[in-house]
file work_20.cif (mmCIF, C-alpha atoms)
data_final
#
loop_
_atom_site.group_PDB
_atom_site.id
_atom_site.type_symbol
_atom_site.label_atom_id
_atom_site.label_comp_id
_atom_site.auth_asym_id
_atom_site.auth_seq_id
_atom_site.Cartn_x
_atom_site.Cartn_y
_atom_site.Cartn_z
ATOM 1 C CA MET Z 1 0.000 0.000 0.000
ATOM 2 C CA PHE Z 2 1.355 3.364 -0.983
ATOM 3 C CA ARG Z 3 1.970 6.207 1.447
ATOM 4 C CA LYS Z 4 -0.832 8.609 2.306
ATOM 5 C CA VAL Z 5 0.903 11.971 2.604
ATOM 6 C CA PRO Z 6 0.249 15.570 1.563
ATOM 7 C CA ILE Z 7 1.052 16.545 -2.011
ATOM 8 C CA TYR Z 8 4.566 17.834 -2.692
ATOM 9 C CA CYS Z 9 5.825 16.495 0.633
ATOM 10 C CA PHE Z 10 9.530 15.961 0.035
ATOM 11 C CA GLY Z 11 12.580 18.196 -0.058
ATOM 12 C CA LYS Z 12 13.238 21.338 1.942
ATOM 13 C CA TYR Z 13 9.962 23.027 1.022
ATOM 14 C CA LYS Z 14 6.558 21.415 1.478
ATOM 15 C CA PHE Z 15 4.112 23.647 -0.356
ATOM 16 C CA ASN Z 16 0.377 23.000 -0.196
ATOM 17 C CA ALA Z 17 -1.850 23.085 -3.279
ATOM 18 C CA ASN Z 18 -2.725 26.779 -2.748
ATOM 19 C CA ILE Z 19 0.924 27.899 -2.818
ATOM 20 C CA ILE Z 20 1.607 25.574 -5.761
ATOM 21 C CA ASN Z 21 -1.195 27.187 -7.766
ATOM 22 C CA LYS Z 22 0.003 30.711 -6.935
ATOM 23 C CA VAL Z 23 3.653 30.127 -7.801
ATOM 24 C CA SER Z 24 2.629 28.275 -10.977
ATOM 25 C CA ALA Z 25 0.515 31.275 -12.006
ATOM 26 C CA LEU Z 26 3.467 33.595 -11.392
ATOM 27 C CA LEU Z 27 5.730 31.346 -13.482
ATOM 28 C CA LYS Z 28 2.974 31.068 -16.119
ATOM 29 C CA ILE Z 29 3.024 27.283 -16.080
ATOM 30 C CA LYS Z 30 0.338 24.700 -15.435
ATOM 31 C CA PRO Z 31 0.534 22.947 -12.034
ATOM 32 C CA SER Z 32 1.543 19.298 -12.396
ATOM 33 C CA LEU Z 33 -0.215 16.317 -10.900
ATOM 34 C CA ALA Z 34 1.920 14.673 -8.242
ATOM 35 C CA ASN Z 35 2.080 11.444 -6.251
ATOM 36 C CA GLU Z 36 -1.383 10.005 -5.431
ATOM 37 C CA ASP Z 37 -3.099 12.641 -7.578
ATOM 38 C CA ILE Z 38 -1.738 10.938 -10.700
ATOM 39 C CA ASN Z 39 -4.629 8.791 -11.931
ATOM 40 C CA PHE Z 40 -2.761 6.909 -14.662
ATOM 41 C CA PHE Z 41 -2.194 3.170 -15.143
ATOM 42 C CA GLY Z 42 -0.117 2.898 -18.321
ATOM 43 C CA ASP Z 43 3.633 2.937 -18.921
ATOM 44 C CA VAL Z 44 5.620 6.095 -18.313
ATOM 45 C CA ARG Z 45 9.066 7.357 -19.279
ATOM 46 C CA LEU Z 46 10.722 8.368 -16.042
ATOM 47 C CA LEU Z 47 13.186 11.275 -15.779
ATOM 48 C CA ASP Z 48 15.379 12.178 -12.821
ATOM 49 C CA ALA Z 49 15.783 15.683 -11.319
ATOM 50 C CA GLN Z 50 18.402 16.530 -14.000
ATOM 51 C CA ASN Z 51 15.964 15.493 -16.771
ATOM 52 C CA LYS Z 52 17.967 12.362 -17.604
ATOM 53 C CA LEU Z 53 16.010 9.262 -18.620
ATOM 54 C CA ILE Z 54 15.868 6.572 -15.943
ATOM 55 C CA GLY Z 55 13.771 4.156 -17.981
ATOM 56 C CA VAL Z 56 10.247 3.099 -18.952
ATOM 57 C CA PHE Z 57 8.087 1.660 -16.147
ATOM 58 C CA ALA Z 58 4.499 1.042 -15.244
ATOM 59 C CA CYS Z 59 3.106 4.062 -13.399
ATOM 60 C CA GLU Z 60 2.786 2.156 -10.117
ATOM 61 C CA GLU Z 61 6.388 0.996 -10.367
ATOM 62 C CA ALA Z 62 7.463 4.578 -11.058
ATOM 63 C CA ARG Z 63 5.704 5.603 -7.846
ATOM 64 C CA LYS Z 64 7.642 2.976 -5.924
ATOM 65 C CA LYS Z 65 10.941 4.210 -7.372
ATOM 66 C CA ALA Z 66 10.082 7.803 -6.396
ATOM 67 C CA ASP Z 67 9.150 6.517 -2.928
ATOM 68 C CA LYS Z 68 12.504 4.799 -2.525
ATOM 69 C CA LEU Z 69 14.343 7.949 -3.602
ATOM 70 C CA GLY Z 70 12.310 10.019 -1.145
ATOM 71 C CA GLN Z 71 11.057 12.340 -3.890
ATOM 72 C CA ASP Z 72 7.824 13.336 -5.614
ATOM 73 C CA LEU Z 73 6.549 11.714 -8.781
ATOM 74 C CA ILE Z 74 5.414 14.463 -11.162
ATOM 75 C CA MET Z 75 3.320 13.945 -14.281
ATOM 76 C CA ILE Z 76 4.856 16.063 -17.042
ATOM 77 C CA ASN Z 77 2.757 14.964 -20.026
ATOM 78 C CA GLN Z 78 0.301 12.093 -20.182
ATOM 79 C CA GLU Z 79 -0.956 12.867 -23.692
ATOM 80 C CA ILE Z 80 2.107 11.329 -25.338
ATOM 81 C CA LYS Z 81 2.907 7.602 -25.426
ATOM 82 C CA PRO Z 82 4.446 6.546 -23.206
ATOM 83 C CA ALA Z 83 3.545 9.326 -20.778
ATOM 84 C CA LEU Z 84 6.345 11.442 -19.331
ATOM 85 C CA CYS Z 85 6.997 11.613 -15.591
ATOM 86 C CA LYS Z 86 9.728 13.058 -13.442
ATOM 87 C CA VAL Z 87 11.164 12.239 -10.029
ATOM 88 C CA CYS Z 88 12.126 15.392 -8.120
ATOM 89 C CA ASP Z 89 11.436 17.543 -5.081
ATOM 90 C CA TYR Z 90 8.585 19.427 -6.710
ATOM 91 C CA SER Z 91 8.225 22.242 -4.169
ATOM 92 C CA ASP Z 92 11.994 22.824 -4.169
ATOM 93 C CA GLU Z 93 12.051 22.959 -7.963
ATOM 94 C CA LEU Z 94 9.239 25.518 -8.095
ATOM 95 C CA ALA Z 95 10.832 27.566 -5.314
ATOM 96 C CA SER Z 96 14.113 27.660 -7.233
ATOM 97 C CA LYS Z 97 12.378 28.791 -10.440
ATOM 98 C CA PHE Z 98 10.430 31.422 -8.530
ATOM 99 C CA MET Z 99 13.541 32.872 -6.890
ATOM 100 C CA ASN Z 100 15.663 32.830 -10.056
ATOM 101 C CA ASP Z 101 13.100 33.644 -12.746
ATOM 102 C CA ILE Z 102 11.040 36.211 -10.848
ATOM 103 C CA VAL Z 103 12.600 37.505 -7.630
ATOM 104 C CA LYS Z 104 16.215 37.650 -8.773
ATOM 105 C CA ILE Z 105 15.396 39.180 -12.172
ATOM 106 C CA ARG Z 106 13.059 41.840 -10.730
ATOM 107 C CA GLU Z 107 15.510 42.749 -7.997
ATOM 108 C CA GLN Z 108 18.262 43.040 -10.600
ATOM 109 C CA GLN Z 109 16.047 45.295 -12.706
ATOM 110 C CA LYS Z 110 15.494 47.541 -9.696
ATOM 111 C CA LEU Z 111 19.219 47.726 -9.070
ATOM 112 C CA ASN Z 112 19.938 48.448 -12.727
ATOM 113 C CA ASP Z 113 17.473 51.340 -12.610
ATOM 114 C CA GLN Z 114 19.512 52.925 -9.825
ATOM 115 C CA HIS Z 115 21.985 55.299 -11.497
ATOM 116 C CA PHE Z 116 25.354 55.993 -9.963
ATOM 117 C CA LYS Z 117 25.423 59.676 -10.870
ATOM 118 C CA LEU Z 118 28.490 61.890 -11.140
ATOM 119 C CA SER Z 119 28.861 65.593 -11.730
ATOM 120 C CA HIS Z 120 30.852 66.865 -14.689
ATOM 121 C CA THR Z 121 32.584 69.260 -12.242
ATOM 122 C CA ILE Z 122 33.602 66.588 -9.720
ATOM 123 C CA THR Z 123 37.078 66.934 -8.183
ATOM 124 C CA MET Z 124 39.655 64.150 -8.072
ATOM 125 C CA GLN Z 125 39.262 63.836 -4.307
ATOM 126 C CA ASP Z 126 35.500 63.389 -4.582
ATOM 127 C CA LEU Z 127 35.941 60.978 -7.476
ATOM 128 C CA LYS Z 128 38.112 58.725 -5.304
ATOM 129 C CA LEU Z 129 35.374 58.709 -2.672
ATOM 130 C CA LYS Z 130 32.885 57.700 -5.380
ATOM 131 C CA VAL Z 131 35.199 54.849 -6.388
ATOM 132 C CA ASN Z 132 35.046 53.482 -2.833
ATOM 133 C CA GLN Z 133 31.243 53.765 -2.883
ATOM 134 C CA ALA Z 134 31.158 51.958 -6.235
ATOM 135 C CA LYS Z 135 33.235 49.131 -4.759
ATOM 136 C CA ASP Z 136 30.675 48.571 -1.987
ATOM 137 C CA LEU Z 137 27.705 48.915 -4.328
ATOM 138 C CA ILE Z 138 28.891 46.511 -7.017
ATOM 139 C CA LYS Z 139 29.297 43.785 -4.381
ATOM 140 C CA LYS Z 140 25.547 43.903 -3.843
ATOM 141 C CA GLN Z 141 24.414 43.837 -7.463
ATOM 142 C CA ASN Z 142 27.372 42.650 -9.624
ATOM 143 C CA THR Z 143 26.658 45.407 -12.186
ATOM 144 C CA LEU Z 144 26.796 49.182 -11.958
ATOM 145 C CA ARG Z 145 25.714 51.918 -14.340
ATOM 146 C CA VAL Z 146 27.402 55.315 -14.053
ATOM 147 C CA THR Z 147 25.728 58.421 -15.487
ATOM 148 C CA ILE Z 148 26.835 61.999 -16.078
ATOM 149 C CA ILE Z 149 24.397 64.671 -17.301
ATOM 150 C CA CYS Z 150 26.107 67.808 -18.490
ATOM 151 C CA PRO Z 151 25.918 70.691 -20.992
ATOM 152 C CA ILE Z 152 26.841 69.584 -24.483
ATOM 153 C CA GLU Z 153 29.967 71.749 -24.541
ATOM 154 C CA THR Z 154 31.388 69.883 -21.491
ATOM 155 C CA ALA Z 155 30.810 66.370 -22.901
ATOM 156 C CA ILE Z 156 34.544 65.808 -23.535
ATOM 157 C CA GLN Z 157 35.328 66.717 -19.933
ATOM 158 C CA ALA Z 158 32.605 64.315 -18.725
ATOM 159 C CA LYS Z 159 34.035 61.493 -20.834
ATOM 160 C CA SER Z 160 37.437 62.136 -19.290
ATOM 161 C CA ILE Z 161 35.911 61.727 -15.816
ATOM 162 C CA LEU Z 162 34.375 58.356 -16.780
ATOM 163 C CA TYR Z 163 37.701 57.132 -18.190
ATOM 164 C CA THR Z 164 39.416 58.190 -14.959
ATOM 165 C CA LEU Z 165 36.784 56.287 -12.969
ATOM 166 C CA LYS Z 166 37.468 53.242 -15.125
ATOM 167 C CA ASP Z 167 41.210 53.419 -14.383
ATOM 168 C CA LEU Z 168 40.711 53.913 -10.630
ATOM 169 C CA SER Z 169 38.271 50.971 -10.333
ATOM 170 C CA GLN Z 170 39.905 48.428 -12.647
ATOM 171 C CA ALA Z 171 40.855 46.249 -9.646
ATOM 172 C CA PHE Z 172 37.227 45.290 -8.924
ATOM 173 C CA MET Z 173 35.123 46.127 -11.996
ATOM 174 C CA ILE Z 174 35.462 46.411 -15.759
ATOM 175 C CA PRO Z 175 33.267 48.197 -18.358
ATOM 176 C CA LYS Z 176 30.756 46.080 -20.279
ATOM 177 C CA GLY Z 177 30.942 48.348 -23.294
ATOM 178 C CA ASP Z 178 31.778 51.827 -24.531
ATOM 179 C CA ILE Z 179 30.377 55.098 -23.219
ATOM 180 C CA LYS Z 180 26.897 55.784 -24.613
ATOM 181 C CA THR Z 181 25.839 59.348 -25.337
ATOM 182 C CA LYS Z 182 22.320 60.645 -25.905
ATOM 183 C CA ASP Z 183 20.446 63.944 -25.767
ATOM 184 C CA PHE Z 184 18.927 64.808 -22.411
ATOM 185 C CA LYS Z 185 15.890 66.966 -21.696
ATOM 186 C CA GLU Z 186 14.571 67.947 -18.292
ATOM 187 C CA LYS Z 187 11.106 66.680 -17.418
ATOM 188 C CA GLU Z 188 10.147 70.086 -16.018
ATOM 189 C CA GLN Z 189 9.369 72.845 -18.458
ATOM 190 C CA PHE Z 190 11.984 75.548 -18.904
ATOM 191 C CA ASP Z 191 11.168 79.178 -18.230
ATOM 192 C CA LYS Z 192 9.936 80.631 -21.501
ATOM 193 C CA LYS Z 193 11.957 83.777 -20.922
ATOM 194 C CA LYS Z 194 15.196 81.815 -20.689
ATOM 195 C CA ASP Z 195 16.816 79.757 -23.399
ATOM 196 C CA ALA Z 196 17.006 76.034 -22.615
ATOM 197 C CA GLN Z 197 20.586 74.815 -22.398
ATOM 198 C CA GLU Z 198 21.323 71.755 -24.495
ATOM 199 C CA GLN Z 199 22.439 68.808 -22.370
ATOM 200 C CA VAL Z 200 23.710 65.304 -23.011
ATOM 201 C CA GLN Z 201 23.644 62.136 -20.933
ATOM 202 C CA LEU Z 202 26.674 59.853 -20.820
ATOM 203 C CA ASP Z 203 26.279 56.275 -19.545
ATOM 204 C CA ILE Z 204 28.729 53.459 -19.002
ATOM 205 C CA GLU Z 205 27.957 50.097 -17.415
ATOM 206 C CA PHE Z 206 30.422 48.106 -15.337
ATOM 207 C CA GLU Z 207 30.410 44.510 -14.133
ATOM 208 C CA ALA Z 208 32.186 43.019 -11.146
ATOM 209 C CA ILE Z 209 35.371 41.063 -11.818
ATOM 210 C CA GLU Z 210 34.478 38.580 -9.077
ATOM 211 C CA LYS Z 211 30.756 38.037 -9.233
ATOM 212 C CA ILE Z 212 29.057 37.036 -6.010
ATOM 213 C CA GLU Z 213 26.309 34.446 -6.051
ATOM 214 C CA HIS Z 214 23.626 35.837 -3.809
ATOM 215 C CA ASN Z 215 22.033 33.400 -1.407
ATOM 216 C CA LEU Z 216 18.365 33.057 -2.320
ATOM 217 C CA ASP Z 217 17.737 30.206 0.111
ATOM 218 C CA LEU Z 218 14.866 31.251 2.386
ATOM 219 C CA PRO Z 219 12.928 29.500 5.167
ATOM 220 C CA GLN Z 220 9.545 28.131 4.093
ATOM 221 C CA ILE Z 221 7.490 30.739 5.931
ATOM 222 C CA LYS Z 222 9.446 33.577 4.270
ATOM 223 C CA ILE Z 223 9.290 32.192 0.751
ATOM 224 C CA GLU Z 224 5.546 31.540 1.099
ATOM 225 C CA ARG Z 225 5.081 35.118 2.281
ATOM 226 C CA LEU Z 226 7.095 36.325 -0.705
ATOM 227 C CA ILE Z 227 5.012 34.219 -3.105
ATOM 228 C CA ASN Z 228 1.804 35.665 -1.624
ATOM 229 C CA GLN Z 229 3.154 39.221 -1.966
ATOM 230 C CA TYR Z 230 4.138 38.760 -5.613
ATOM 231 C CA TYR Z 231 0.832 37.013 -6.368
ATOM 232 C CA SER Z 232 -1.239 39.821 -4.785
ATOM 233 C CA LYS Z 233 0.796 42.398 -6.702
ATOM 234 C CA SER Z 234 0.266 40.527 -9.970
ATOM 235 C CA LEU Z 235 -3.511 40.479 -9.383
ATOM 236 C CA GLN Z 236 -3.472 44.205 -8.714
ATOM 237 C CA GLU Z 237 -1.462 44.876 -11.870
ATOM 238 C CA LYS Z 238 -3.842 42.666 -13.855
ATOM 239 C CA THR Z 239 -6.862 44.581 -12.531
ATOM 240 C CA GLU Z 240 -5.244 47.896 -13.451
ATOM 241 C CA ASP Z 241 -4.412 46.588 -16.946
ATOM 242 C CA GLU Z 242 -8.002 45.397 -17.439
ATOM 243 C CA GLN Z 243 -9.329 48.794 -16.344
ATOM 244 C CA ASP Z 244 -6.983 50.569 -18.740
ATOM 245 C CA LEU Z 245 -8.134 48.254 -21.525
ATOM 246 C CA ALA Z 246 -11.796 48.878 -20.685
ATOM 247 C CA ASP Z 247 -11.225 52.628 -20.739
ATOM 248 C CA LEU Z 248 -9.390 52.352 -24.047
ATOM 249 C CA PHE Z 249 -12.146 50.352 -25.764
ATOM 250 C CA LYS Z 250 -15.070 51.964 -23.956
ATOM 251 C CA VAL Z 251 -18.135 51.912 -26.190
ATOM 252 C CA GLN Z 252 -19.242 55.428 -26.991
ATOM 253 C CA GLN Z 253 -22.776 56.489 -27.889
ATOM 254 C CA PRO Z 254 -23.476 56.433 -31.627
ATOM 255 C CA GLU Z 255 -23.872 59.850 -33.211
ATOM 256 C CA LYS Z 256 -27.571 59.240 -33.925
ATOM 257 C CA GLU Z 257 -28.286 58.517 -30.280
ATOM 258 C CA LYS Z 258 -26.449 61.668 -29.289
ATOM 259 C CA GLU Z 259 -28.541 63.685 -31.758
ATOM 260 C CA LYS Z 260 -31.772 62.137 -30.425
ATOM 261 C CA GLU Z 261 -30.752 62.922 -26.892
ATOM 262 C CA LYS Z 262 -29.960 66.494 -27.895
ATOM 263 C CA GLU Z 263 -33.329 66.883 -29.645
ATOM 264 C CA LYS Z 264 -35.093 65.421 -26.619
ATOM 265 C CA LYS Z 265 -33.498 67.993 -24.349
ATOM 266 C CA VAL Z 266 -34.513 70.828 -26.713
ATOM 267 C CA GLU Z 267 -38.072 69.472 -26.842
ATOM 268 C CA GLU Z 268 -38.312 69.249 -23.057
ATOM 269 C CA LYS Z 269 -37.060 72.811 -22.800
ATOM 270 C CA GLN Z 270 -39.680 74.010 -25.319
ATOM 271 C CA LYS Z 271 -42.479 72.143 -23.533
ATOM 272 C CA THR Z 272 -41.454 73.645 -20.246
ATOM 273 C CA LYS Z 273 -41.647 77.103 -21.777
ATOM 274 C CA LEU Z 274 -45.096 76.325 -23.227
ATOM 275 C CA GLU Z 275 -46.382 75.174 -19.854
ATOM 276 C CA GLU Z 276 -45.103 78.370 -18.224
ATOM 277 C CA MET Z 277 -46.993 80.482 -20.777
ATOM 278 C CA MET Z 278 -50.160 78.454 -20.279
ATOM 279 C CA ASP Z 279 -49.952 78.995 -16.527
ATOM 280 C CA ASP Z 280 -49.394 82.733 -16.954
ATOM 281 C CA SER Z 281 -52.363 84.744 -15.582
ATOM 282 C CA GLU Z 282 -52.212 87.122 -18.555
ATOM 283 C CA PHE Z 283 -53.417 84.345 -20.864
ATOM 284 C CA ASP Z 284 -57.060 83.294 -20.551
ATOM 285 C CA PHE Z 285 -56.574 79.775 -21.781
ATOM 286 C CA GLU Z 286 -57.947 76.340 -20.961
ATOM 287 C CA PHE Z 287 -58.168 72.789 -22.334
ATOM 288 C CA GLN Z 288 -61.446 71.296 -23.478
ATOM 289 C CA ASP Z 289 -62.114 67.642 -24.454
ATOM 290 C CA ALA Z 290 -64.175 67.356 -27.603
ATOM 291 C CA SER Z 291 -66.419 64.426 -28.561
ATOM 292 C CA THR Z 292 -63.686 63.273 -30.905
ATOM 293 C CA ASN Z 293 -61.582 62.530 -27.813
ATOM 294 C CA GLN Z 294 -58.911 64.807 -29.210
ATOM 295 C CA GLN Z 295 -57.280 67.628 -27.376
ATOM 296 C CA SER Z 296 -58.518 71.059 -28.404
ATOM 297 C CA TYR Z 297 -57.991 74.591 -27.148
ATOM 298 C CA TYR Z 298 -60.602 77.192 -26.205
ATOM 299 C CA LEU Z 299 -60.066 80.909 -25.782
ATOM 300 C CA LYS Z 300 -62.546 82.745 -23.543
ATOM 301 C CA ASP Z 301 -62.193 86.162 -25.167
ATOM 302 C CA GLY Z 302 -62.087 87.266 -28.756
ATOM 303 C CA ASN Z 303 -58.756 89.002 -28.717
ATOM 304 C CA LEU Z 304 -56.681 86.568 -30.785
ATOM 305 C CA SER Z 305 -53.665 88.784 -31.333
ATOM 306 C CA LYS Z 306 -52.164 88.082 -27.920
ATOM 307 C CA TYR Z 307 -52.536 84.329 -28.487
ATOM 308 C CA VAL Z 308 -50.792 84.120 -31.849
ATOM 309 C CA LYS Z 309 -47.437 83.178 -30.404
ATOM 310 C CA LEU Z 310 -48.975 80.661 -28.016
ATOM 311 C CA TYR Z 311 -51.065 79.134 -30.795
ATOM 312 C CA LYS Z 312 -47.978 78.576 -32.959
ATOM 313 C CA MET Z 313 -46.234 76.853 -30.091
ATOM 314 C CA ILE Z 314 -49.276 74.604 -29.537
ATOM 315 C CA GLU Z 315 -49.341 73.777 -33.236
ATOM 316 C CA TRP Z 316 -45.624 72.982 -33.108
ATOM 317 C CA SER Z 317 -46.190 70.808 -30.066
ATOM 318 C CA GLN Z 318 -48.925 68.780 -31.796
ATOM 319 C CA GLY Z 319 -46.742 68.351 -34.829
ATOM 320 C CA ARG Z 320 -43.919 66.957 -32.699
ATOM 321 C CA LYS Z 321 -46.292 64.326 -31.314
#

call {"tool": "encode", "arguments": {"input": "work_20.cif", "output": "structure tokens"}}
result
Amino acid sequence: MFRKVPIYCFGKYKFNANIINKVSALLKIKPSLANEDINFFGDVRLLDAQNKLIGVFACEEARKKADKLGQDLIMINQEIKPALCKVCDYSDELASKFMNDIVKIREQQKLNDQHFKLSHTITMQDLKLKVNQAKDLIKKQNTLRVTIICPIETAIQAKSILYTLKDLSQAFMIPKGDIKTKDFKEKEQFDKKKDAQEQVQLDIEFEAIEKIEHNLDLPQIKIERLINQYYSKSLQEKTEDEQDLADLFKVQQPEKEKEKEKEKKVEEKQKTKLEEMMDDSEFDFEFQDASTNQQSYYLKDGNLSKYVKLYKMIEWSQGRK
């Protein structure tokens, strides 16, 4: 009789199904069936943790081999013949992919966005201090980008500063390429009364001579917390993207509907004006129902001149109906 244990139970990490689904979503892969969840009775090709073929076995025998190795049996693809399975520590494998493919890359992107800025008027003494700071910083991120923003006429002087920095730091870092130059414009608007001074941005990227492998090995409670944080953030970003998409493709009212709505408002305004005139004490006016069951209008006095305007509005109103 096979063991009755939680899914993904071996290795350093023992993720439950909820964490497995979250980290799989972050990695954009489909969660794999594992151990007793594999409902398959045919032959399978069995791979080890390094993706090397162990052999072809019946699925139950493959489970026994995984049991002896103290690892999980993972179904990779059961649509092919024979089906493909793998013996590994599934939670550990997902944790490693999460740390390397998501956490490490995003943290590196954040570090790369941090510019090590220098002034084009920096003195040699201050430059040596910056070299010491660069030495400490590159130990943390293995790469370092140095930027100088200066007026275009001082670009040669700025390049000289970067070359001096390169010479002073050659013991611990080397440039990954040449100095890159591009036009630079301030985000804030210049004063219209003053002429904007043309500026350039000079960038050079360095890499550490001795790269340090950062330890990404975390306790289970910390890595689960990190997975939950990244998953919540991804849901928030997805919601914001969906809202942006909805705003972009928001269905607008057809022009005909807009025209009808505009006409309706004009009509309501005209009717309101008509009702005000009918209620005016200066007009001796009342409604009378005729035998034809149609609405008619009766004037109590014979002075029609003061009712001409009102009569035209009534006629217009009947025509609109």

call {"tool": "atom_distance", "arguments": {"input": "work_20.cif", "atom1": "CA of Ile174 (chain Z)", "atom2": "CA of Phe206 (chain Z)"}}
result
5.3 Å

call {"tool": "atom_distance", "arguments": {"input": "work_20.cif", "atom1": "CA of Leu46 (chain Z)", "atom2": "CA of Ala95 (chain Z)"}}
result
22.0 Å

call {"tool": "resolve_selection", "arguments": {"input": "work_20.cif", "expression": "the PyMOL selection byres ((chain Z and resi 172) around 6)", "output": "list in words"}}
result
Ser169, Gln170, Ala171, Met173, Ala208 and Ile209 of chain Z

call {"tool": "write_last_selection", "arguments": {"input": "work_20.cif", "atoms": "C-alpha atoms", "output": "PDB file, in the frame of the given file"}}
result
ATOM      1  CA  SER Z 169      38.271  50.971 -10.333  1.00  0.00           C
ATOM      2  CA  GLN Z 170      39.905  48.428 -12.647  1.00  0.00           C
ATOM      3  CA  ALA Z 171      40.855  46.249  -9.646  1.00  0.00           C
ATOM      4  CA  MET Z 173      35.123  46.127 -11.996  1.00  0.00           C
ATOM      5  CA  ALA Z 208      32.186  43.019 -11.146  1.00  0.00           C
ATOM      6  CA  ILE Z 209      35.371  41.063 -11.818  1.00  0.00           C
TER       7      ILE Z 209
END

call {"tool": "closest_residue", "arguments": {"input": "work_20.cif", "among": "Z:Gln197, Z:Lys140, Z:Asp89, Z:Thr121", "to": "Glu107 (chain Z)", "atoms": "all atoms listed in the file"}}
result
Z:Lys140

call {"tool": "resolve_selection", "arguments": {"input": "work_20.cif", "expression": "the PyMOL selection byres ((chain Z and resi 57-72) around 6)", "output": "PDB file with C-alpha atoms, in the coordinates of the input"}}
result
ATOM      1  CA  PHE Z  10       9.530  15.961   0.035  1.00  0.00           C
ATOM      2  CA  PHE Z  41      -2.194   3.170 -15.143  1.00  0.00           C
ATOM      3  CA  GLY Z  42      -0.117   2.898 -18.321  1.00  0.00           C
ATOM      4  CA  ASP Z  43       3.633   2.937 -18.921  1.00  0.00           C
ATOM      5  CA  VAL Z  44       5.620   6.095 -18.313  1.00  0.00           C
ATOM      6  CA  VAL Z  56      10.247   3.099 -18.952  1.00  0.00           C
ATOM      7  CA  LEU Z  73       6.549  11.714  -8.781  1.00  0.00           C
ATOM      8  CA  VAL Z  87      11.164  12.239 -10.029  1.00  0.00           C
ATOM      9  CA  CYS Z  88      12.126  15.392  -8.120  1.00  0.00           C
ATOM     10  CA  ASP Z  89      11.436  17.543  -5.081  1.00  0.00           C
TER      11      ASP Z  89
END

call {"tool": "closest_residue", "arguments": {"input": "work_20.cif", "among": "Z:Ala34, Z:Ala134, Z:Leu27, Z:Leu127", "to": "Asn100 (chain Z)", "atoms": "all atoms listed in the file"}}
result
Z:Leu27

call {"tool": "closest_residue", "arguments": {"input": "work_20.cif", "among": "Z:Glu205, Z:Asp183, Z:Glu263, Z:Asp92", "to": "Lys12 (chain Z)", "atoms": "only C-alpha atoms"}}
result
Z:Asp92

call {"tool": "residues_around", "arguments": {"input": "work_20.cif", "residues": "Gln201 (chain Z)", "least_positions_apart": "3", "cutoff": "9 Å", "atoms": "only C-alpha atoms", "output": "list in words"}}
result
Thr147, Ile148, Ile149, Cys150, Pro151, Ile152, Ala155, Lys180, Thr181, Lys182, Asp183 and Phe184 of chain Z

call {"tool": "write_last_selection", "arguments": {"input": "work_20.cif", "atoms": "C-alpha atoms", "output": "PDB file, in the frame of the given file"}}
result
ATOM      1  CA  THR Z 147      25.728  58.421 -15.487  1.00  0.00           C
ATOM      2  CA  ILE Z 148      26.835  61.999 -16.078  1.00  0.00           C
ATOM      3  CA  ILE Z 149      24.397  64.671 -17.301  1.00  0.00           C
ATOM      4  CA  CYS Z 150      26.107  67.808 -18.490  1.00  0.00           C
ATOM      5  CA  PRO Z 151      25.918  70.691 -20.992  1.00  0.00           C
ATOM      6  CA  ILE Z 152      26.841  69.584 -24.483  1.00  0.00           C
ATOM      7  CA  ALA Z 155      30.810  66.370 -22.901  1.00  0.00           C
ATOM      8  CA  LYS Z 180      26.897  55.784 -24.613  1.00  0.00           C
ATOM      9  CA  THR Z 181      25.839  59.348 -25.337  1.00  0.00           C
ATOM     10  CA  LYS Z 182      22.320  60.645 -25.905  1.00  0.00           C
ATOM     11  CA  ASP Z 183      20.446  63.944 -25.767  1.00  0.00           C
ATOM     12  CA  PHE Z 184      18.927  64.808 -22.411  1.00  0.00           C
TER      13      PHE Z 184
END

call {"tool": "atom_distance", "arguments": {"input": "work_20.cif", "atom1": "CA of Ile204 (chain Z)", "atom2": "CA of Ile179 (chain Z)"}}
result
4.8 Å

call {"tool": "resolve_selection", "arguments": {"input": "work_20.cif", "expression": "the PyMOL selection byres ((chain Z and resi 144) around 8)", "output": "list in words"}}
result
Asn112, His115, Phe116, Ala134, Leu137, Ile138, Gln141, Asn142, Thr143, Arg145, Val146, Glu205, Phe206 and Glu207 of chain Z

call {"tool": "closest_residue", "arguments": {"input": "work_20.cif", "among": "Z:Arg106, Z:Lys97, Z:Lys166, Z:Lys159", "to": "Lys128 (chain Z)", "atoms": "all atoms listed in the file"}}
result
Z:Lys166

call {"tool": "closest_residue", "arguments": {"input": "work_20.cif", "among": "Z:Lys117, Z:Leu165, Z:Lys264, Z:Glu93", "to": "Asn132 (chain Z)", "atoms": "all atoms listed in the file"}}
result
Z:Leu165

call {"tool": "axis_aligned_box", "arguments": {"input": "work_20.cif", "around": "region 17-26 of chain Z", "padding_each_side": "3 Å", "output": "AutoDock Vina command-line options"}}
result
--center_x 0.5 --center_y 28.3 --center_z -7.4 --size_x 12.4 --size_y 16.5 --size_z 15.3

call {"tool": "residues_around", "arguments": {"input": "work_20.cif", "residues": "Phe15 (chain Z)", "least_positions_apart": "4", "cutoff": "12 Å", "atoms": "only C-alpha atoms", "output": "list in words"}}
result
Pro6, Ile7, Tyr8, Cys9, Phe10, Gly11, Ile19, Ile20, Asn21, Lys22, Val23, Ser24, Asp89, Tyr90, Ser91, Asp92, Glu93, Leu94, Ala95, Pro219, Gln220, Ile221, Ile223, Glu224, Arg225 and Ile227 of chain Z

call {"tool": "closest_residue", "arguments": {"input": "work_20.cif", "among": "Z:Lys14, Z:Leu202, Z:Pro175, Z:Arg45", "to": "Ala83 (chain Z)", "atoms": "all atoms listed in the file"}}
result
Z:Arg45

call {"tool": "decode", "arguments": {"input": "work_20.cif", "residues": "region 175-179 of chain Z", "atoms": "C-alpha atoms", "output": "mmCIF file, in the first residue's frame"}}
result
data_model
loop_
_atom_site.group_PDB
_atom_site.id
_atom_site.type_symbol
_atom_site.label_atom_id
_atom_site.label_comp_id
_atom_site.auth_asym_id
_atom_site.auth_seq_id
_atom_site.Cartn_x
_atom_site.Cartn_y
_atom_site.Cartn_z
ATOM 1 C CA PRO Z 175 33.267 48.197 -18.358
ATOM 2 C CA LYS Z 176 30.756 46.080 -20.279
ATOM 3 C CA GLY Z 177 30.942 48.348 -23.294
ATOM 4 C CA ASP Z 178 31.778 51.827 -24.531
ATOM 5 C CA ILE Z 179 30.377 55.098 -23.219
#
